[in-house]
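A.B. asks: Sharing model.txt below, compact mmCIF, C-alpha atoms:
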# COMPACT_ATOMS: atom_id res chain seq x y z
CA MET A 1 -7.62 22.13 -2.50
CA THR A 2 -9.99 21.01 0.26
CA ASP A 3 -10.09 17.49 1.72
CA ASP A 4 -13.31 16.88 -0.22
CA ASP A 5 -11.65 17.98 -3.47
CA ALA A 6 -8.70 15.69 -2.78
CA ARG A 7 -10.98 12.73 -2.11
CA GLN A 8 -13.02 13.32 -5.27
CA SER A 9 -9.81 13.04 -7.26
CA ILE A 10 -9.07 9.60 -5.73
CA SER A 11 -10.61 6.65 -7.58
CA VAL A 12 -11.29 3.44 -5.66
CA MET A 13 -12.18 -0.11 -6.66
CA VAL A 14 -13.79 -2.38 -4.04
CA VAL A 15 -13.12 -6.13 -4.28
CA ASP A 16 -15.30 -8.35 -2.06
CA ASP A 17 -17.49 -11.38 -2.76
CA HIS A 18 -20.28 -10.32 -0.37
CA PRO A 19 -22.64 -7.95 -2.25
CA MET A 20 -24.06 -6.28 0.86
CA TRP A 21 -20.62 -5.58 2.33
CA ARG A 22 -19.25 -4.45 -1.05
CA ASP A 23 -22.19 -2.10 -1.58
CA GLY A 24 -22.01 -0.79 1.97
CA VAL A 25 -18.30 0.03 1.75
CA SER A 26 -18.79 1.63 -1.67
CA ARG A 27 -21.59 3.79 -0.25
CA ASP A 28 -19.42 4.88 2.69
CA LEU A 29 -16.61 5.85 0.31
CA ILE A 30 -18.91 7.77 -2.01
CA GLU A 31 -20.47 9.63 0.93
CA ALA A 32 -16.95 10.56 2.06
CA GLY A 33 -16.24 12.05 -1.36
CA PHE A 34 -14.20 9.31 -3.05
CA ALA A 35 -14.96 8.15 -6.61
CA VAL A 36 -15.81 4.43 -6.62
CA THR A 37 -15.12 3.58 -10.24
CA ALA A 38 -15.50 -0.21 -10.09
CA THR A 39 -16.34 -3.18 -7.91
CA ALA A 40 -15.40 -6.84 -8.30
CA ASP A 41 -16.28 -10.12 -6.62
CA GLY A 42 -13.23 -12.26 -7.39
CA VAL A 43 -9.68 -12.55 -8.70
CA GLY A 44 -10.61 -12.65 -12.37
CA ALA A 45 -13.06 -9.77 -12.17
CA ALA A 46 -10.59 -7.69 -10.16
CA GLY A 47 -7.94 -8.06 -12.84
CA ARG A 48 -10.28 -7.23 -15.71
CA ARG A 49 -11.79 -4.18 -14.04
CA ALA A 50 -8.47 -2.85 -12.74
CA ALA A 51 -7.11 -3.02 -16.29
CA ALA A 52 -10.13 -1.04 -17.52
CA VAL A 53 -10.35 1.71 -14.88
CA ARG A 54 -6.81 1.87 -13.38
CA PRO A 55 -7.98 2.84 -9.88
CA ASP A 56 -5.79 4.83 -7.52
CA VAL A 57 -6.70 2.57 -4.59
CA VAL A 58 -8.04 -0.99 -4.47
CA LEU A 59 -9.80 -2.20 -1.32
CA MET A 60 -9.15 -5.94 -1.32
CA ASP A 61 -10.81 -8.76 0.60
CA MET A 62 -8.70 -11.86 1.30
CA GLN A 63 -11.39 -14.53 0.86
CA LEU A 64 -12.58 -14.71 -2.75
CA PRO A 65 -14.49 -17.48 -4.55
CA ASP A 66 -11.89 -18.04 -7.28
CA GLY A 67 -8.72 -17.56 -5.22
CA ASN A 68 -7.51 -15.24 -2.50
CA GLY A 69 -6.68 -11.61 -1.96
CA ALA A 70 -2.96 -12.14 -2.44
CA GLN A 71 -3.56 -13.61 -5.90
CA ALA A 72 -5.97 -10.80 -6.74
CA THR A 73 -3.48 -8.19 -5.50
CA ALA A 74 -0.73 -9.58 -7.72
CA GLU A 75 -3.09 -9.62 -10.71
CA VAL A 76 -4.33 -6.07 -10.11
CA LEU A 77 -0.77 -4.74 -9.85
CA ARG A 78 0.24 -6.65 -12.97
CA VAL A 79 -2.41 -4.91 -15.08
CA SER A 80 -2.42 -1.60 -13.19
CA PRO A 81 1.04 -1.07 -11.64
CA ARG A 82 0.25 2.41 -10.32
CA SER A 83 -2.70 1.21 -8.25
CA ARG A 84 -2.20 0.89 -4.50
CA VAL A 85 -3.82 -2.02 -2.70
CA LEU A 86 -5.24 -1.81 0.81
CA VAL A 87 -6.54 -5.10 2.19
CA LEU A 88 -9.80 -4.94 4.12
CA SER A 89 -10.43 -8.41 5.48
CA ALA A 90 -12.14 -10.25 8.32
CA SER A 91 -8.94 -12.27 8.74
CA ASP A 92 -6.00 -11.12 10.82
CA GLU A 93 -4.18 -14.44 10.42
CA ARG A 94 -0.41 -14.07 10.16
CA ALA A 95 -0.23 -16.01 6.88
CA ASP A 96 -2.92 -13.86 5.22
CA VAL A 97 -1.26 -10.62 6.29
CA LEU A 98 2.19 -11.65 5.09
CA ASP A 99 0.89 -13.14 1.82
CA ALA A 100 -0.94 -9.91 1.04
CA ILE A 101 2.09 -7.71 1.69
CA LYS A 102 4.41 -10.00 -0.25
CA ALA A 103 1.97 -9.82 -3.18
CA GLY A 104 2.26 -6.04 -3.16
CA ALA A 105 -0.46 -4.72 -0.83
CA LEU A 106 0.57 -1.48 0.83
CA GLY A 107 -1.49 -1.95 3.99
CA TYR A 108 -3.90 -4.22 5.85
CA LEU A 109 -7.03 -3.40 7.86
CA VAL A 110 -9.43 -5.81 9.51
CA LYS A 111 -13.15 -5.31 8.90
CA SER A 112 -13.74 -4.29 12.50
CA ALA A 113 -12.21 -0.90 11.59
CA SER A 114 -14.59 2.04 11.89
CA VAL A 115 -15.79 3.99 8.87
CA ALA A 116 -13.60 6.91 9.98
CA GLU A 117 -10.55 4.63 10.18
CA LEU A 118 -11.33 3.22 6.73
CA ILE A 119 -11.70 6.66 5.15
CA SER A 120 -8.43 7.80 6.72
CA ALA A 121 -6.68 4.62 5.58
CA VAL A 122 -7.86 4.98 1.97
CA HIS A 123 -6.64 8.57 1.89
CA ALA A 124 -3.26 7.54 3.34
CA THR A 125 -2.94 4.62 0.92
CA ALA A 126 -3.58 6.93 -2.02
CA ALA A 127 -0.68 9.04 -0.74
CA GLY A 128 1.60 6.00 -0.68
CA GLN A 129 1.57 5.47 3.09
CA ALA A 130 1.50 2.00 4.61
CA VAL A 131 -1.54 1.59 6.90
CA PHE A 132 -2.11 -1.33 9.26
CA THR A 133 -4.58 -2.32 11.94
CA PRO A 134 -2.71 -1.88 15.26
CA GLY A 135 -0.53 -4.90 15.94
CA LEU A 136 -0.21 -6.03 12.35
CA ALA A 137 2.56 -3.61 11.38
CA GLY A 138 4.83 -5.15 14.00
CA LEU A 139 4.07 -8.61 12.67
CA VAL A 140 5.02 -7.60 9.13
CA LEU A 141 8.18 -5.75 10.17
CA GLY A 142 9.26 -8.65 12.37
CA GLU A 143 8.87 -11.16 9.57
CA PHE A 144 10.75 -9.10 7.03
CA ARG A 145 13.50 -8.34 9.53
CA ARG A 146 13.91 -12.09 9.97
CA ILE A 147 14.13 -12.62 6.22
CA ALA A 148 16.43 -9.65 5.68
CA GLY A 149 18.69 -10.82 8.50
CA THR A 150 20.00 -13.88 6.65
CA PRO A 151 23.57 -13.57 5.28
CA ALA A 152 22.43 -14.29 1.70
CA GLU A 153 19.86 -11.49 1.77
CA GLN A 154 22.34 -9.06 3.34
CA ALA A 155 24.88 -9.79 0.63
CA MET A 156 22.34 -8.99 -2.07
CA ARG A 157 21.41 -5.55 -0.72
CA PRO A 158 22.51 -2.63 -2.92
CA ALA A 159 24.86 -0.23 -1.16
CA LEU A 160 23.03 2.92 -0.07
CA THR A 161 24.72 5.92 1.49
CA ASP A 162 23.89 6.83 5.08
CA ARG A 163 21.82 9.79 3.85
CA GLU A 164 19.93 7.64 1.31
CA THR A 165 19.16 5.14 4.06
CA GLU A 166 17.96 7.95 6.32
CA VAL A 167 15.67 9.29 3.59
CA LEU A 168 14.42 5.79 2.82
CA ARG A 169 13.52 5.24 6.47
CA LEU A 170 11.41 8.42 6.45
CA VAL A 171 9.77 7.45 3.16
CA ALA A 172 8.76 4.19 4.83
CA LYS A 173 7.10 6.21 7.62
CA GLY A 174 4.92 7.88 4.98
CA LEU A 175 6.54 11.33 5.04
CA SER A 176 6.40 13.46 1.90
CA ALA A 177 9.55 14.88 0.31
CA LYS A 178 8.69 18.28 1.78
CA GLN A 179 8.28 16.82 5.27
CA ILE A 180 11.56 14.89 4.93
CA ALA A 181 13.33 18.06 3.79
CA THR A 182 12.09 19.89 6.89
CA ARG A 183 13.02 17.00 9.20
CA LEU A 184 16.57 16.69 7.82
CA THR A 185 17.12 20.41 7.13
CA LEU A 186 17.62 19.78 3.42
CA SER A 187 16.16 21.33 0.31
CA HIS A 188 13.16 19.67 -1.34
CA ARG A 189 15.27 19.10 -4.48
CA THR A 190 18.05 17.39 -2.49
CA VAL A 191 15.54 14.99 -0.95
CA GLU A 192 14.04 14.20 -4.36
CA ASN A 193 17.56 13.57 -5.70
CA HIS A 194 18.21 11.08 -2.88
CA VAL A 195 14.88 9.35 -3.57
CA GLN A 196 15.59 9.09 -7.29
CA ALA A 197 19.12 7.79 -6.65
CA THR A 198 17.74 5.16 -4.29
CA LEU A 199 15.10 4.12 -6.83
CA ARG A 200 17.81 3.67 -9.46
CA LYS A 201 20.09 1.67 -7.17
CA LEU A 202 17.28 -0.62 -6.05
CA GLN A 203 15.77 -0.80 -9.56
CA LEU A 204 12.35 0.19 -8.24
CA ALA A 205 9.68 2.14 -10.09
CA ASN A 206 8.07 4.40 -7.48
CA ARG A 207 7.63 5.35 -3.81
CA VAL A 208 5.16 2.52 -3.22
CA GLU A 209 7.79 -0.06 -4.18
CA LEU A 210 10.35 1.90 -2.18
CA THR A 211 8.12 1.73 0.91
CA ARG A 212 7.64 -2.00 0.46
CA TYR A 213 11.41 -2.47 0.13
CA ALA A 214 11.98 -0.49 3.33
CA ILE A 215 9.48 -2.70 5.20
CA GLU A 216 11.15 -5.82 3.83
CA GLN A 217 14.51 -4.57 5.09
CA GLY A 218 13.12 -3.76 8.52
CA LEU A 219 13.61 0.01 8.21
CA GLU A 220 11.26 2.13 10.30
Render the structure in this file as structure tokens.
C.D. replies:
Amino acid sequence: MTDDDARQSISVMVVDDHPMWRDGVSRDLIEAGFAVTATADGVGAAGRRAAAVRPDVVLMDMQLPDGNGAQATAEVLRVSPRSRVLVLSASDERADVLDAIKAGALGYLVKSASVAELISAVHATAAGQAVFTPGLAGLVLGEFRRIAGTPAEQAMRPALTDRETEVLRLVAKGLSAKQIATRLTLSHRTVENHVQATLRKLQLANRVELTRYAIEQGLE
């Protein structure tokens, strides 16, 4: 499968309340080979359209007329749990970034990103990788390390084996099971078994939630 074929199989919904920006981003995505299956201009519309089209990736603005991007992210993931949200916002405020990630967004880009950076980020998000504008990843990891460092949070952590923790750390870096197997000199099946065991222990549904958990725990 070529890169163009892979992109055509990825459906994207664009959420932004500025029509010209929304249309421009949609056009860039379509020209790059992605399938833009819906657009929305607010929290309510995002939820309704995500429920209808179940997009692979949602590009989410933070400033919306009927709420904010964190609220819209939570609503989209409620109605379409398999969607992956990538924030694309003019704001790089600490509170906005953390609110978006806590609501379930997988990554966060500011609107100053180039078209090439956006296309790469959408592709990575579809693959379950966390993508951040430089500088923001450290902010997120630092905050979640602080939270995870409290005695109460540490006591609540499920017990993972050293190998499961090692695999989890590589999942958080965006590596595929095949890449992890090569890195750790394990079979692909063994890696998948570790991932599934970790999902069961943490009561998580998929690799996206697993990545978010790893970020929250300060694993990198």
A.B. asks: Please compute the atom CA of Val122 of chain A-atom CA of Ile10 of chain A distance, one decimal, in Å.
C.D. replies: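 Distance reported for this atom pair: 9.1 Å.
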A.B. asks: Quick one: of A:Gly128, A:Gly24, A:Pro19, A:Gly69, who's nearest to Ile101 of chain A, counting only C-alpha atoms?
C.D. replies: A:Gly69
A.B. asks: By how many Å are atom CA of Met20 of chain A and atom CA of Ala51 of chain A apart?
C.D. replies: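 It comes out at 24.3 Å.
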A.B. asks: Fewer than 2 positions away in the same chain doesn't count, so skip those; otherwise give me all residues within 9 Å of segment 131-136 of chain A, counting all atoms listed in the file, as number ranges by chain.
C.D. replies: A: 86, 92, 94, 97, 106-110, 113, 121-122, 124-125, 129, 138-141
A.B. asks: Give me, please, the distance in Å between atom CA of Thr73 of chain A and atom CA of Ser112 of chain A, quoted to one decimal.
C.D. replies: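 We find that atom CA of Thr73 of chain A and atom CA of Ser112 of chain A lie 21.1 Å from each other.
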A.B. asks: Can you find the residues with an atom no farther than 12 Å from (-12.1, 9.7, 8.9), counting only C-alpha atoms, and report them as a list in words?
C.D. replies: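 Result, sorted by chain then residue number: Asp3, Asp4, Arg7, Asp28, Leu29, Glu31, Ala32, Gly33, Ala113, Ser114, Val115, Ala116, Glu117, Leu118, Ile119, Ser120, Ala121, Val122, His123 and Ala124 of chain A.
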A.B. asks: Out of A:Val167, A:Asp17, A:Ser11, A:Met60, which residue has the shortest atom-to-atom distance to Ala38 of chain A when counting only C-alpha atoms?
C.D. replies: A:Ser11
A.B. asks: Near segment 78-82 of chain A, within 7 Å and counting only C-alpha atoms, which residues show up once chain neighbours fewer than 4 positions away are dropped, as an NGL selection string?
C.D. replies: :A and (47 or 50-51 or 54 or 74)
A.B. asks: Between A:Thr198, A:Ser91, A:Ser9, A:Thr185, single out the one closest to Val57 of chain A, counting only C-alpha atoms.
C.D. replies: A:Ser9
A.B. asks: Taking all atoms listed in the file into account, name the residue in A:Asp56, A:His18, A:Asp23, A:Ser89 that is nearest to Asp41 of chain A.
C.D. replies: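 Smallest separation from Asp41 of chain A among the options: A:His18.
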A.B. asks: Select, from A:Val191, A:Ala197, A:Val12, A:Ala70, the residue with the minimum atom-to-atom distance to Lys178 of chain A, counting only C-alpha atoms.
C.D. replies: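 Of A:Val191, A:Ala197, A:Val12, A:Ala70, the one nearest Lys178 of chain A is A:Val191, counting only C-alpha atoms.
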A.B. asks: If I only have part of segment 10-26 of chain A, can you fill in N, CA and C atoms and write it as a tab-separated table (two decimals), in the frame of the given file?
C.D. replies:
chain	number	residue	atom	x	y	z
A	10	ILE	N	-9.59	10.94	-6.00
A	10	ILE	CA	-9.07	9.60	-5.73
A	10	ILE	C	-10.10	8.56	-6.17
A	11	SER	N	-9.71	7.70	-7.11
A	11	SER	CA	-10.61	6.65	-7.58
A	11	SER	C	-10.33	5.36	-6.82
A	12	VAL	N	-11.40	4.65	-6.48
A	12	VAL	CA	-11.29	3.44	-5.66
A	12	VAL	C	-12.06	2.30	-6.31
A	13	MET	N	-11.47	1.10	-6.27
A	13	MET	CA	-12.18	-0.11	-6.66
A	13	MET	C	-12.32	-0.99	-5.43
A	14	VAL	N	-13.51	-1.54	-5.21
A	14	VAL	CA	-13.79	-2.38	-4.04
A	14	VAL	C	-13.93	-3.83	-4.49
A	15	VAL	N	-13.10	-4.71	-3.93
A	15	VAL	CA	-13.12	-6.13	-4.28
A	15	VAL	C	-13.58	-6.93	-3.06
A	16	ASP	N	-14.75	-7.54	-3.15
A	16	ASP	CA	-15.30	-8.35	-2.06
A	16	ASP	C	-16.40	-9.23	-2.64
A	17	ASP	N	-16.50	-10.47	-2.18
A	17	ASP	CA	-17.49	-11.38	-2.76
A	17	ASP	C	-18.85	-11.32	-2.07
A	18	HIS	N	-18.99	-10.48	-1.04
A	18	HIS	CA	-20.28	-10.32	-0.37
A	18	HIS	C	-20.94	-9.03	-0.87
A	19	PRO	N	-22.03	-9.13	-1.64
A	19	PRO	CA	-22.64	-7.95	-2.25
A	19	PRO	C	-23.03	-6.87	-1.23
A	20	MET	N	-23.61	-7.28	-0.10
A	20	MET	CA	-24.06	-6.28	0.86
A	20	MET	C	-22.88	-5.53	1.46
A	21	TRP	N	-21.81	-6.24	1.79
A	21	TRP	CA	-20.62	-5.58	2.33
A	21	TRP	C	-19.98	-4.69	1.27
A	22	ARG	N	-19.86	-5.22	0.06
A	22	ARG	CA	-19.25	-4.45	-1.05
A	22	ARG	C	-20.03	-3.17	-1.30
A	23	ASP	N	-21.36	-3.28	-1.33
A	23	ASP	CA	-22.19	-2.10	-1.58
A	23	ASP	C	-22.12	-1.12	-0.42
A	24	GLY	N	-22.07	-1.66	0.80
A	24	GLY	CA	-22.01	-0.79	1.97
A	24	GLY	C	-20.71	0.01	2.02
A	25	VAL	N	-19.59	-0.65	1.75
A	25	VAL	CA	-18.30	0.03	1.75
A	25	VAL	C	-18.25	1.07	0.63
A	26	SER	N	-18.76	0.69	-0.54
A	26	SER	CA	-18.79	1.63	-1.67
A	26	SER	C	-19.61	2.87	-1.30
